[in-house]
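A.B. asks: Below is the file start12.tsv, which contains TSV, C-alpha atoms.
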```
chain	number	residue	atom	x	y	z
A	1	MET	CA	98.42	201.69	119.15
A	2	SER	CA	100.64	201.12	116.11
A	3	PHE	CA	104.16	199.75	115.69
A	4	ASN	CA	105.33	203.37	115.38
A	5	ASP	CA	104.59	203.81	119.10
A	6	LEU	CA	106.81	200.96	120.32
A	7	GLY	CA	110.28	202.55	120.06
A	8	LEU	CA	111.51	200.71	116.97
A	9	SER	CA	113.79	202.37	114.41
A	10	GLU	CA	112.79	203.04	110.82
A	11	PRO	CA	114.58	200.04	109.20
A	12	LEU	CA	112.60	197.65	111.42
A	13	LEU	CA	109.33	199.56	110.95
A	14	ARG	CA	109.90	199.38	107.21
A	15	ALA	CA	110.20	195.58	107.39
A	16	VAL	CA	107.03	195.40	109.49
A	17	ARG	CA	105.13	197.49	106.92
A	18	GLU	CA	106.40	195.28	104.11
A	19	GLN	CA	104.78	192.34	105.87
A	20	GLY	CA	101.49	194.20	105.88
A	21	TYR	CA	101.27	194.80	109.64
A	22	ASP	CA	100.39	198.08	111.31
A	23	THR	CA	98.85	197.09	114.66
A	24	PRO	CA	100.85	194.98	117.16
A	25	THR	CA	99.31	191.99	118.93
A	26	PRO	CA	98.94	192.20	122.74
A	27	ILE	CA	102.19	190.31	123.41
A	28	GLN	CA	104.01	192.62	120.97
A	29	ALA	CA	102.47	195.79	122.39
A	30	ARG	CA	103.46	194.86	125.94
A	31	GLY	CA	106.65	192.93	125.27
A	32	ILE	CA	108.54	195.09	122.77
A	33	PRO	CA	108.84	198.25	124.94
A	34	THR	CA	109.63	196.15	128.02
A	35	ILE	CA	112.42	194.22	126.26
A	36	LEU	CA	113.85	197.46	124.86
A	37	GLU	CA	114.30	198.70	128.44
A	38	GLY	CA	116.92	195.98	128.91
A	39	GLY	CA	115.56	194.05	131.89
A	40	ASP	CA	114.73	190.36	132.14
A	41	VAL	CA	111.29	189.29	130.94
A	42	MET	CA	109.14	186.26	131.70
A	43	ALA	CA	106.28	186.10	129.19
A	44	ALA	CA	103.39	183.66	128.85
A	45	ALA	CA	101.80	183.53	125.41
A	46	GLN	CA	100.07	180.75	123.49
A	47	THR	CA	101.03	179.90	119.90
A	48	GLY	CA	99.61	182.21	117.25
A	49	THR	CA	99.91	185.36	119.38
A	50	GLY	CA	102.84	186.87	117.50
A	51	LYS	CA	105.38	186.14	120.24
A	52	THR	CA	108.23	185.35	117.83
A	53	ALA	CA	108.12	188.82	116.29
A	54	GLY	CA	107.50	190.08	119.83
A	55	PHE	CA	111.07	189.20	120.82
A	56	THR	CA	112.75	189.30	117.39
A	57	LEU	CA	112.01	192.98	116.76
A	58	PRO	CA	113.33	194.37	120.08
A	59	LEU	CA	116.29	191.97	119.92
A	60	LEU	CA	117.29	193.41	116.55
A	61	GLU	CA	116.77	196.95	117.85
A	62	ARG	CA	118.98	196.45	120.91
A	63	LEU	CA	121.73	194.80	118.87
A	64	MET	CA	121.68	197.74	116.47
A	65	GLN	CA	122.03	200.17	119.37
A	66	THR	CA	125.06	198.34	120.82
A	67	ARG	CA	126.73	197.29	117.57
A	68	PRO	CA	130.54	197.75	117.68
A	69	GLU	CA	131.94	200.02	114.99
A	70	ARG	CA	134.85	197.69	114.23
A	71	GLY	CA	136.22	194.25	114.97
A	72	PRO	CA	134.97	190.75	114.09
A	73	ARG	CA	131.36	189.80	114.58
A	74	ARG	CA	130.66	187.93	117.81
A	75	VAL	CA	127.55	186.10	118.97
A	76	ARG	CA	125.72	188.78	120.94
A	77	ALA	CA	122.27	187.17	121.06
A	78	LEU	CA	121.38	183.51	121.57
A	79	VAL	CA	117.90	182.09	120.98
A	80	LEU	CA	117.36	178.56	122.32
A	81	THR	CA	114.46	176.53	120.92
A	82	PRO	CA	113.36	172.93	121.60
A	83	THR	CA	113.07	171.74	117.97
A	84	ARG	CA	114.60	172.18	114.55
A	85	GLU	CA	111.31	173.42	113.11
A	86	LEU	CA	110.97	176.13	115.72
A	87	ALA	CA	114.60	177.17	115.19
A	88	ALA	CA	113.90	177.53	111.47
A	89	GLN	CA	110.77	179.56	112.25
A	90	VAL	CA	112.71	181.96	114.50
A	91	GLN	CA	115.45	182.29	111.88
A	92	GLU	CA	112.81	183.13	109.27
A	93	SER	CA	111.49	185.87	111.56
A	94	VAL	CA	114.99	187.30	112.04
A	95	ASP	CA	115.55	187.27	108.26
A	96	THR	CA	112.18	188.91	107.63
A	97	TYR	CA	112.42	191.76	110.14
A	98	GLY	CA	116.18	192.19	109.94
A	99	ARG	CA	116.39	192.53	106.17
A	100	HIS	CA	117.23	196.24	106.33
A	101	VAL	CA	119.76	196.15	109.17
A	102	PRO	CA	123.45	195.09	108.97
A	103	LEU	CA	123.17	192.13	111.33
A	104	LYS	CA	123.88	188.49	110.57
A	105	SER	CA	122.16	185.42	111.99
A	106	THR	CA	122.40	181.68	111.53
A	107	PRO	CA	120.50	178.64	112.85
A	108	ILE	CA	122.28	175.55	114.17
A	109	PHE	CA	120.45	172.28	114.81
A	110	GLY	CA	120.96	168.59	114.28
A	111	GLY	CA	119.86	166.33	111.46
A	112	VAL	CA	122.01	168.28	108.99
A	113	SER	CA	125.72	168.60	108.30
A	114	MET	CA	127.77	170.69	110.72
A	115	ARG	CA	130.03	172.02	107.95
A	116	PRO	CA	127.79	174.92	106.77
A	117	GLN	CA	127.22	175.82	110.41
A	118	LEU	CA	130.95	175.89	111.09
A	119	GLN	CA	131.50	178.10	108.03
A	120	ALA	CA	128.80	180.55	109.17
A	121	LEU	CA	130.25	180.69	112.69
A	122	ARG	CA	133.76	181.34	111.33
A	123	ARG	CA	132.47	184.23	109.21
A	124	GLY	CA	130.87	185.69	112.32
A	125	VAL	CA	127.24	186.12	113.39
A	126	ASP	CA	125.39	188.52	115.69
A	127	ILE	CA	122.43	186.24	116.41
A	128	LEU	CA	122.59	182.50	116.93
A	129	VAL	CA	119.38	180.44	116.86
A	130	ALA	CA	120.00	176.94	118.21
A	131	THR	CA	118.63	173.73	119.63
A	132	PRO	CA	120.38	172.70	122.87
A	133	GLY	CA	121.93	169.44	121.69
A	134	ARG	CA	123.65	170.75	118.58
A	135	LEU	CA	124.77	173.89	120.43
A	136	LEU	CA	126.46	171.68	123.03
A	137	ASP	CA	128.14	169.78	120.20
A	138	HIS	CA	129.68	173.06	119.01
A	139	LEU	CA	130.62	174.13	122.53
A	140	ASN	CA	132.30	170.80	123.20
A	141	GLN	CA	134.30	171.09	119.96
A	142	GLY	CA	135.23	174.71	120.65
A	143	THR	CA	133.62	175.95	117.43
A	144	VAL	CA	131.37	178.56	119.06
A	145	ASP	CA	132.15	181.32	121.57
A	146	LEU	CA	129.27	182.58	123.72
A	147	SER	CA	131.31	184.87	125.97
A	148	SER	CA	129.94	188.02	124.29
A	149	VAL	CA	126.23	187.16	124.52
A	150	GLU	CA	124.20	190.16	125.66
A	151	THR	CA	120.72	188.63	125.38
A	152	LEU	CA	119.51	185.07	125.87
A	153	VAL	CA	116.05	184.03	124.67
A	154	LEU	CA	114.52	180.77	125.91
A	155	ASP	CA	111.64	180.12	123.50
A	156	GLU	CA	108.90	177.64	124.45
A	157	ALA	CA	110.60	176.98	127.76
A	158	ASP	CA	107.75	174.73	128.91
A	159	ARG	CA	108.38	172.36	126.02
A	160	MET	CA	112.12	172.35	126.68
A	161	LEU	CA	111.39	171.23	130.24
A	162	ASP	CA	108.97	168.57	128.99
A	163	MET	CA	111.66	167.22	126.67
A	164	GLY	CA	114.24	167.00	129.45
A	165	PHE	CA	116.52	169.83	128.30
A	166	LEU	CA	117.12	171.43	131.70
A	167	PRO	CA	120.60	169.85	132.20
A	168	ASP	CA	121.61	170.93	128.66
A	169	ILE	CA	120.34	174.46	129.27
A	170	LYS	CA	122.34	174.69	132.48
A	171	ARG	CA	125.50	173.69	130.61
A	172	VAL	CA	124.82	176.37	128.01
A	173	LEU	CA	124.25	178.95	130.76
A	174	ALA	CA	127.68	178.16	132.18
A	175	ALA	CA	129.21	179.37	128.89
A	176	LEU	CA	127.35	182.71	128.97
A	177	PRO	CA	128.28	185.96	130.73
A	178	ALA	CA	126.60	186.34	134.10
A	179	LYS	CA	125.63	189.89	133.16
A	180	ARG	CA	123.08	189.61	130.37
A	181	GLN	CA	119.43	190.10	129.53
A	182	THR	CA	117.34	186.91	129.68
A	183	LEU	CA	113.93	186.55	128.02
A	184	LEU	CA	111.85	183.47	128.83
A	185	PHE	CA	108.77	182.66	126.75
A	186	SER	CA	106.38	179.88	127.71
A	187	ALA	CA	102.82	178.87	126.89
A	188	THR	CA	102.11	178.61	130.63
A	189	PHE	CA	103.44	179.83	133.98
A	190	SER	CA	103.64	176.43	135.66
A	191	GLU	CA	105.44	175.69	138.94
A	192	GLN	CA	108.26	174.09	136.96
A	193	ILE	CA	108.65	177.21	134.80
A	194	ALA	CA	108.63	179.43	137.90
A	195	GLY	CA	111.41	177.31	139.40
A	196	MET	CA	113.40	177.49	136.18
A	197	ALA	CA	112.99	181.28	136.05
A	198	ARG	CA	114.18	181.76	139.62
A	199	GLY	CA	117.54	180.26	138.75
A	200	MET	CA	118.04	182.14	135.48
A	201	LEU	CA	116.30	185.52	135.59
A	202	ARG	CA	116.87	188.60	137.75
A	203	SER	CA	113.71	190.39	138.93
A	204	PRO	CA	111.92	189.69	135.65
A	205	THR	CA	108.94	191.65	134.38
A	206	ARG	CA	106.03	189.24	133.99
A	207	ILE	CA	103.84	189.51	130.91
A	208	GLU	CA	100.81	187.27	130.45
A	209	VAL	CA	98.40	187.61	127.57
A	210	ALA	CA	96.49	184.33	127.78
A	211	GLN	CA	95.08	182.32	130.65
A	212	ARG	CA	96.80	179.07	131.43
A	213	ASN	CA	95.76	176.20	129.16
A	214	THR	CA	93.00	178.24	127.52
A	215	ALA	CA	92.14	176.89	124.07
A	216	ALA	CA	91.89	179.51	121.37
A	217	GLU	CA	88.41	181.02	121.28
A	218	SER	CA	88.54	181.16	117.50
A	219	VAL	CA	88.82	177.35	117.24
A	220	ASN	CA	85.63	175.33	116.82
A	221	GLN	CA	86.18	172.05	118.71
A	222	THR	CA	84.28	168.81	118.01
A	223	VAL	CA	84.61	165.22	119.21
A	224	HIS	CA	83.42	162.44	116.90
A	225	PRO	CA	82.86	159.17	118.83
A	226	VAL	CA	83.92	156.28	116.61
A	227	SER	CA	84.90	152.63	116.82
A	228	ARG	CA	88.56	151.70	117.05
A	229	ALA	CA	88.67	150.36	113.49
A	230	GLY	CA	86.53	153.13	112.04
A	231	LYS	CA	88.89	156.06	112.61
A	232	ARG	CA	90.75	155.92	109.30
A	233	GLY	CA	87.51	155.62	107.29
A	234	LEU	CA	85.93	158.50	109.23
A	235	LEU	CA	88.94	160.72	108.64
A	236	SER	CA	88.84	160.08	104.89
A	237	HIS	CA	85.09	160.75	104.90
A	238	LEU	CA	85.46	164.06	106.75
A	239	VAL	CA	88.21	165.27	104.42
A	240	ARG	CA	86.24	164.38	101.29
A	241	ASP	CA	82.80	165.40	102.52
A	242	GLY	CA	84.02	168.76	103.80
A	243	ASP	CA	86.40	169.26	100.87
A	244	TRP	CA	89.20	169.96	103.33
A	245	ARG	CA	92.25	171.05	101.39
A	246	GLN	CA	94.82	171.42	104.19
A	247	VAL	CA	94.66	169.18	107.25
A	248	LEU	CA	97.19	168.61	110.03
A	249	VAL	CA	96.60	165.22	111.67
A	250	PHE	CA	98.14	164.15	114.98
A	251	THR	CA	98.99	160.56	115.86
A	252	ARG	CA	100.45	159.16	119.05
A	253	THR	CA	103.44	157.33	117.57
A	254	LYS	CA	105.90	157.59	114.69
A	255	HIS	CA	104.88	154.19	113.34
A	256	GLY	CA	101.24	155.25	113.50
A	257	ALA	CA	102.00	158.41	111.53
A	258	ASP	CA	103.73	156.46	108.76
A	259	ARG	CA	100.96	153.86	108.61
A	260	LEU	CA	98.16	156.42	108.50
A	261	ALA	CA	99.85	158.53	105.80
A	262	LYS	CA	100.26	155.43	103.65
A	263	GLN	CA	96.62	154.42	104.15
A	264	LEU	CA	95.34	157.89	103.29
A	265	ASP	CA	97.42	157.83	100.12
A	266	GLN	CA	95.76	154.53	99.27
A	267	ASP	CA	92.41	156.25	99.81
A	268	GLY	CA	93.37	158.77	97.13
A	269	LEU	CA	94.19	161.58	99.57
A	270	ALA	CA	97.71	162.93	99.15
A	271	ALA	CA	99.39	162.61	102.55
A	272	SER	CA	102.85	162.61	104.09
A	273	ALA	CA	104.22	162.05	107.59
A	274	ILE	CA	106.77	163.90	109.71
A	275	HIS	CA	108.28	162.65	112.96
A	276	GLY	CA	111.54	162.37	114.85
A	277	ASN	CA	112.87	159.48	112.75
A	278	LYS	CA	112.60	161.44	109.51
A	279	SER	CA	115.69	163.28	108.30
A	280	GLN	CA	115.63	167.06	108.42
A	281	ALA	CA	115.59	167.16	104.61
A	282	ALA	CA	112.56	164.84	104.49
A	283	ARG	CA	110.72	166.87	107.11
A	284	THR	CA	111.45	170.16	105.35
A	285	ARG	CA	110.33	168.69	102.01
A	286	ALA	CA	107.08	167.30	103.48
A	287	LEU	CA	106.26	170.60	105.17
A	288	GLY	CA	107.02	172.56	102.01
A	289	GLN	CA	104.74	170.36	99.90
A	290	PHE	CA	101.98	170.74	102.50
A	291	LYS	CA	102.26	174.55	102.56
A	292	GLN	CA	102.25	174.64	98.74
A	293	GLY	CA	99.09	172.52	98.56
A	294	ARG	CA	100.80	169.61	96.82
A	295	THR	CA	100.06	167.45	99.86
A	296	ARG	CA	96.56	167.61	101.31
A	297	ILE	CA	97.20	165.96	104.67
A	298	LEU	CA	100.24	166.20	106.94
A	299	VAL	CA	100.40	163.50	109.62
A	300	ALA	CA	102.62	164.36	112.56
A	301	THR	CA	103.61	163.40	116.08
A	302	ASP	CA	103.67	165.99	118.87
A	303	ILE	CA	107.47	166.28	118.89
A	304	ALA	CA	107.70	166.89	115.14
A	305	ALA	CA	104.78	169.32	115.00
A	306	ARG	CA	106.00	171.60	117.80
A	307	GLY	CA	106.95	174.94	116.28
A	308	LEU	CA	105.32	174.33	112.89
A	309	ASP	CA	104.27	177.69	111.48
A	310	ILE	CA	101.53	177.12	108.91
A	311	GLU	CA	99.70	180.31	108.04
A	312	HIS	CA	95.89	180.12	108.11
A	313	LEU	CA	95.77	176.36	108.72
A	314	PRO	CA	92.01	175.60	108.69
A	315	HIS	CA	91.82	172.05	110.10
A	316	VAL	CA	93.53	170.08	112.86
A	317	VAL	CA	92.52	166.48	113.55
A	318	ASN	CA	93.43	164.45	116.63
A	319	PHE	CA	93.47	160.98	115.12
A	320	ASP	CA	94.82	159.88	118.52
A	321	LEU	CA	94.24	161.95	121.63
A	322	PRO	CA	97.48	163.07	123.33
A	323	ASN	CA	98.65	161.31	126.50
A	324	VAL	CA	99.26	164.67	128.19
A	325	ALA	CA	96.09	166.75	128.41
A	326	GLU	CA	97.90	170.08	128.02
A	327	ASP	CA	99.26	168.94	124.65
A	328	TYR	CA	95.72	169.09	123.29
A	329	VAL	CA	95.85	172.87	123.68
A	330	HIS	CA	99.19	173.04	121.83
A	331	ARG	CA	97.83	170.86	119.04
A	332	ILE	CA	94.67	172.83	118.35
A	333	GLY	CA	96.71	176.03	118.64
A	334	ARG	CA	98.11	175.20	115.19
A	335	THR	CA	94.78	176.50	113.79
A	336	GLY	CA	92.76	179.60	114.65
A	337	ARG	CA	95.91	181.72	114.73
A	338	ALA	CA	96.18	185.51	114.60
A	339	GLY	CA	92.41	185.94	114.87
A	340	LYS	CA	91.59	183.55	112.01
A	341	GLY	CA	88.95	180.86	112.51
A	342	GLY	CA	89.83	177.19	112.63
A	343	GLU	CA	88.39	173.77	113.29
A	344	ALA	CA	89.77	171.10	115.61
A	345	VAL	CA	88.30	167.60	115.34
A	346	SER	CA	89.06	164.66	117.61
A	347	LEU	CA	88.29	161.05	116.66
A	348	VAL	CA	87.72	159.29	119.97
A	349	CYS	CA	87.25	155.56	120.55
A	350	VAL	CA	86.41	153.77	123.77
A	351	ASP	CA	90.11	153.39	124.65
A	352	GLU	CA	90.52	157.18	124.92
A	353	LEU	CA	87.52	158.18	127.04
A	354	LYS	CA	89.69	158.72	130.13
A	355	LEU	CA	92.08	160.89	128.13
A	356	LEU	CA	89.11	162.91	126.87
A	357	LYS	CA	87.90	163.52	130.43
A	358	GLY	CA	91.37	164.77	131.36
A	359	ILE	CA	91.39	167.18	128.42
A	360	GLU	CA	87.95	168.53	129.30
A	361	LYS	CA	89.09	169.03	132.88
A	362	VAL	CA	92.03	171.12	131.67
A	363	LEU	CA	89.73	173.12	129.37
A	364	GLY	CA	87.23	173.67	132.16
A	365	GLY	CA	84.27	172.38	130.16
A	366	SER	CA	83.04	169.65	127.84
A	367	ILE	CA	83.74	169.52	124.11
A	368	ARG	CA	80.79	169.20	121.73
A	369	LYS	CA	80.13	165.57	120.69
A	370	HIS	CA	78.74	164.60	117.28
A	371	THR	CA	78.37	161.08	115.92
A	372	VAL	CA	78.74	160.87	112.14
A	373	ALA	CA	76.14	158.66	110.46
A	374	GLY	CA	77.71	155.46	109.18
A	375	PHE	CA	80.64	155.72	111.62
A	376	GLU	CA	78.89	155.08	114.92
A	377	PRO	CA	81.01	153.55	117.69
A	378	ASP	CA	80.53	149.83	118.35
A	379	PRO	CA	78.64	149.54	121.68
A	380	SER	CA	80.14	146.08	122.26
A	381	GLU	CA	83.75	147.36	122.19
A	382	ARG	CA	85.54	147.28	125.52
A	383	PRO	CA	88.51	149.53	126.40
A	384	GLU	CA	91.97	148.17	125.63
A	385	PRO	CA	95.32	149.51	126.86
A	386	LEU	CA	96.67	152.22	124.58
A	387	PHE	CA	100.18	150.79	124.90
A	388	LYS	CA	101.20	147.18	124.76
A	389	LYS	CA	104.62	146.90	126.38
A	390	PRO	CA	106.99	144.58	124.49
A	391	ALA	CA	109.52	142.60	126.47
A	392	GLY	CA	112.44	144.73	127.58
A	393	ARG	CA	110.66	147.99	126.89
A	394	ARG	CA	109.51	150.12	129.77
A	395	ARG	CA	108.05	153.12	127.94
A	396	PRO	CA	105.61	153.43	125.04
A	397	PRO	CA	106.83	154.69	121.67
A	398	GLU	CA	108.03	158.32	121.76
A	399	ALA	CA	107.58	158.48	125.55
A	400	GLY	CA	111.33	158.72	125.85
A	401	GLN	CA	111.12	162.05	124.09
A	402	ARG	CA	108.78	163.44	126.75
A	403	ARG	CA	110.72	162.98	129.96
A	404	ARG	CA	109.67	165.60	132.45
A	405	GLY	CA	111.88	167.52	134.81
A	406	GLY	CA	115.60	167.19	134.37
A	407	GLY	CA	115.89	163.90	132.47
A	408	GLN	CA	118.94	163.69	130.24
A	409	ARG	CA	118.09	163.85	126.56
A	410	ARG	CA	119.55	165.24	123.36
A	411	ASP	CA	117.35	167.55	121.34
A	412	ALA	CA	115.34	166.22	118.41
A	413	GLY	CA	117.88	167.81	116.12
A	414	ALA	CA	121.09	166.57	117.75
A	415	SER	CA	123.56	165.04	115.36
A	416	ARG	CA	123.44	161.66	117.04
A	417	ARG	CA	119.66	161.66	116.88
A	418	ALA	CA	119.35	162.47	113.20
```
Can you turn what I pasted into structure tokens?
C.D. replies:
Amino acid sequence: MSFNDLGLSEPLLRAVREQGYDTPTPIQARGIPTILEGGDVMAAAQTGTGKTAGFTLPLLERLMQTRPERGPRRVRALVLTPTRELAAQVQESVDTYGRHVPLKSTPIFGGVSMRPQLQALRRGVDILVATPGRLLDHLNQGTVDLSSVETLVLDEADRMLDMGFLPDIKRVLAALPAKRQTLLFSATFSEQIAGMARGMLRSPTRIEVAQRNTAAESVNQTVHPVSRAGKRGLLSHLVRDGDWRQVLVFTRTKHGADRLAKQLDQDGLAASAIHGNKSQAARTRALGQFKQGRTRILVATDIAARGLDIEHLPHVVNFDLPNVAEDYVHRIGRTGRAGKGGEAVSLVCVDELKLLKGIEKVLGGSIRKHTVAGFEPDPSERPEPLFKKPAGRRRPPEAGQRRRGGGQRRDAGASRRA
């Protein structure tokens, strides 16, 4: 099957060819014709499967087919994403595949000035890519009108639930026409996602191209047991010894990300950190330098790294194991994308052995263990709590960003959370 068989018009096929693609991925092959039919869709696809183009292309096609001949531009498609980075990634996809069609799109998210967003909205857009918090800011100020939306896309719906966006999403839904097409994309079909879909979708077509919580087969996974104090030295050793040129490293907290990036710099390894406390400009700059090879190591927290699109990323390192086992799958999904090989390494001390067991349970099997000579774990070390709760604080750092269910929270890009 080729893209020519999916029902897309020549301007979109031309953009696809210019990107060097001729064969659609499974989610694209199944999703594009289904979305073009106009019904609601509930799709499960892991990162790296081509899902963004899988909804961007048919969205552009449908908007072209229903484009009014005259009158001002109105928002006819809304794409909701959990993070600024993912919103920017979706916008990039719309720009790439929509370059030969007369449609306009703009992203709106927090951490940046509202003025350029207001100017773009006044000029008129067909497609709006937004994070929930900043979109609500515009709705509350009356600067955006969603009454003409024909298609709603909920991208990475599982992460939006994890981050407590359900109340915000419901408020956005109240501003949309009841008659519309709704597309829900999620890494998994959990019970929570099923419940969310029941309230928002009408008889959706289900598309699933990956088993739940299945780590990418193209990723080589290794656990290096190490002492608590030996992690930083082992990481520097692995990067130098393997001549790793591009490494995404995950830490548990924002403070830990800053500290580790500084230490790696001191070790002579160019590193930078991105997390929720960094301004959007700082995060964009750090990511750009990493993609260009000017920075060798990018240290990130889970919230900041969600939605990062780094082509052919060869190495992911879990400096700290995630508290939520399923997040391990999302982390290592940053590498081994689109059929390319990748390596995921986890540095595990005695404090994290229970977390490791939880991850292996989710994966359905054990991860290969390898002790690096000179960095053996200290057999006398005893487990310590991962979080020390200061007085007056009830949750560990960044836990407030991971409230499950319907907890109230502004998105990572909301103006008051910049």
A.B. asks: May I have the protein, DNA and RNA residues with any atom at most 8 Å from the point (104.4, 157.6, 112.1), counting all atoms listed in the file, written as a PyMOL selection string?
C.D. replies: chain A and resi 251+253-261+273-275+299-301
A.B. asks: Show which residues sit within 12 Å of A:Val239, as a list of chain:residue names. Count only C-alpha atoms, and ignore same-chain residues fewer than 6 positions away.
C.D. replies: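 The contact residues come out as A:Arg232, A:Gly233, A:Arg245, A:Gln246, A:Val247, A:Leu248, A:Val249, A:Leu264, A:Asp267, A:Gly268, A:Leu269, A:Ala270, A:Ala271, A:Arg296, A:Ile297, A:Pro314, A:His315, A:Val316, A:Val317, A:Val345.
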A.B. asks: If you take all atoms listed in the file and a cut-off of 12 Å, which residues of stretch 76-194 of chain A touch stretch 6-10 of chain A, and what are their nearest atom pairs and distances in Å to one decimal, in chain and number order, as CSV?
C.D. replies:
```
residue,atom,partner,partner_atom,distance
A:Tyr97,CA,A:Leu8,CA,11.3
A:Gly98,CA,A:Ser9,CA,11.4
A:His100,CA,A:Glu10,CA,9.3
A:Val101,CA,A:Glu10,CA,9.9
```
A.B. asks: Which of these, A:Leu363, A:Ala282, A:Ile303, A:Val90, has the shortest distance to A:Met163 once you count only C-alpha atoms?
C.D. replies: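 When distances to A:Met163 are compared using only C-alpha atoms, the smallest one comes from A:Ile303.
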A.B. asks: Which distance in Å separates atom CA of A:Lys361 and atom CA of A:Ala194, to one decimal?
C.D. replies: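 Here the two named atoms are 22.7 Å from each other.
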A.B. asks: Which residue out of A:Asp5, A:Glu37, A:Asp351, A:Asp158 has the minimum interatomic distance to A:Glu61 when all atoms listed in the file are used?
C.D. replies: A:Glu37
A.B. asks: Select, from A:Leu355, A:Val16, A:Ile169, A:Ala88, the residue with the minimum atom-to-atom distance to A:Ala157, counting all atoms listed in the file.
C.D. replies: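 Comparing A:Leu355, A:Val16, A:Ile169, A:Ala88 against A:Ala157, the winner is A:Ile169.
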A.B. asks: Report, as AutoDock Vina command-line options, the centre and edge lengths in Å (one decimal) of the axis-aligned box enclosing every listed atom of stretch 189-196 of chain A, padded by 6 Å on each side.
C.D. replies:
```
--center_x 108.4 --center_y 177.0 --center_z 136.7 --size_x 22.0 --size_y 17.7 --size_z 17.4
```
A.B. asks: Which is closer to A:Ser190 than all the others in A:Arg228, A:Glu326, A:Leu287, A:Glu352, using only C-alpha atoms?
C.D. replies: A:Glu326
A.B. asks: Considering all atoms listed in the file, can you say which of A:Leu183, A:Val350, A:Ala15, A:Leu166 comes closest to A:Phe55?
C.D. replies: A:Leu183
A.B. asks: Between atom CA of A:Thr131 and atom CA of A:Pro82, what is the distance, to one decimal in Å?
C.D. replies: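 Pair atom CA of A:Thr131 / atom CA of A:Pro82 returns 5.7 Å.
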A.B. asks: Tell me which of A:Met196, A:Ile310, A:Met64, A:Ala286 sits closest to A:Leu86, counting only C-alpha atoms.
C.D. replies: A:Ile310
A.B. asks: At a cut-off of 12 Å around the point (109.6, 179.4, 132.3) (file coordinates), what residues fall inside when counting all atoms listed in the file? I'd like the answer as a PyMOL selection string.
C.D. replies: chain A and resi 41-45+153-162+166+182-201+204+206-208
A.B. asks: Report as a list in words all protein, DNA and RNA residues lying within 9 Å of stretch 73-76 of chain A, evaluated on all atoms listed in the file, omitting residues in the same chain fewer than 2 positions from it.
C.D. replies: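 Selected residues are Leu63, Pro68, Arg70, Gly71, Leu78, Lys104, Ser105, Leu121, Arg123, Gly124, Val125, Asp126, Ile127, Leu128, Val144, Asp145, Leu146, Ser147, Ser148, Val149, Glu150, Thr151 and Leu152 of chain A.
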A.B. asks: So that I can see what lies close to A:Met114, please list as a short mmCIF file (atom, residue, chain, number, x, y, z; two decimals) with C-alpha atoms, in the coordinates of the input the residues with an atom at most 10 Å from it, counting only C-alpha atoms and leaving out residues fewer than 6 positions away in the same chain.
C.D. replies:
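Written output follows (selection-v3.cif):
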```cif
data_model
loop_
_atom_site.label_atom_id
_atom_site.label_comp_id
_atom_site.auth_asym_id
_atom_site.auth_seq_id
_atom_site.Cartn_x
_atom_site.Cartn_y
_atom_site.Cartn_z
CA ILE A 108 122.28 175.55 114.17
CA ARG A 134 123.65 170.75 118.58
CA ASP A 137 128.14 169.78 120.20
CA HIS A 138 129.68 173.06 119.01
CA SER A 415 123.56 165.04 115.36
#
```
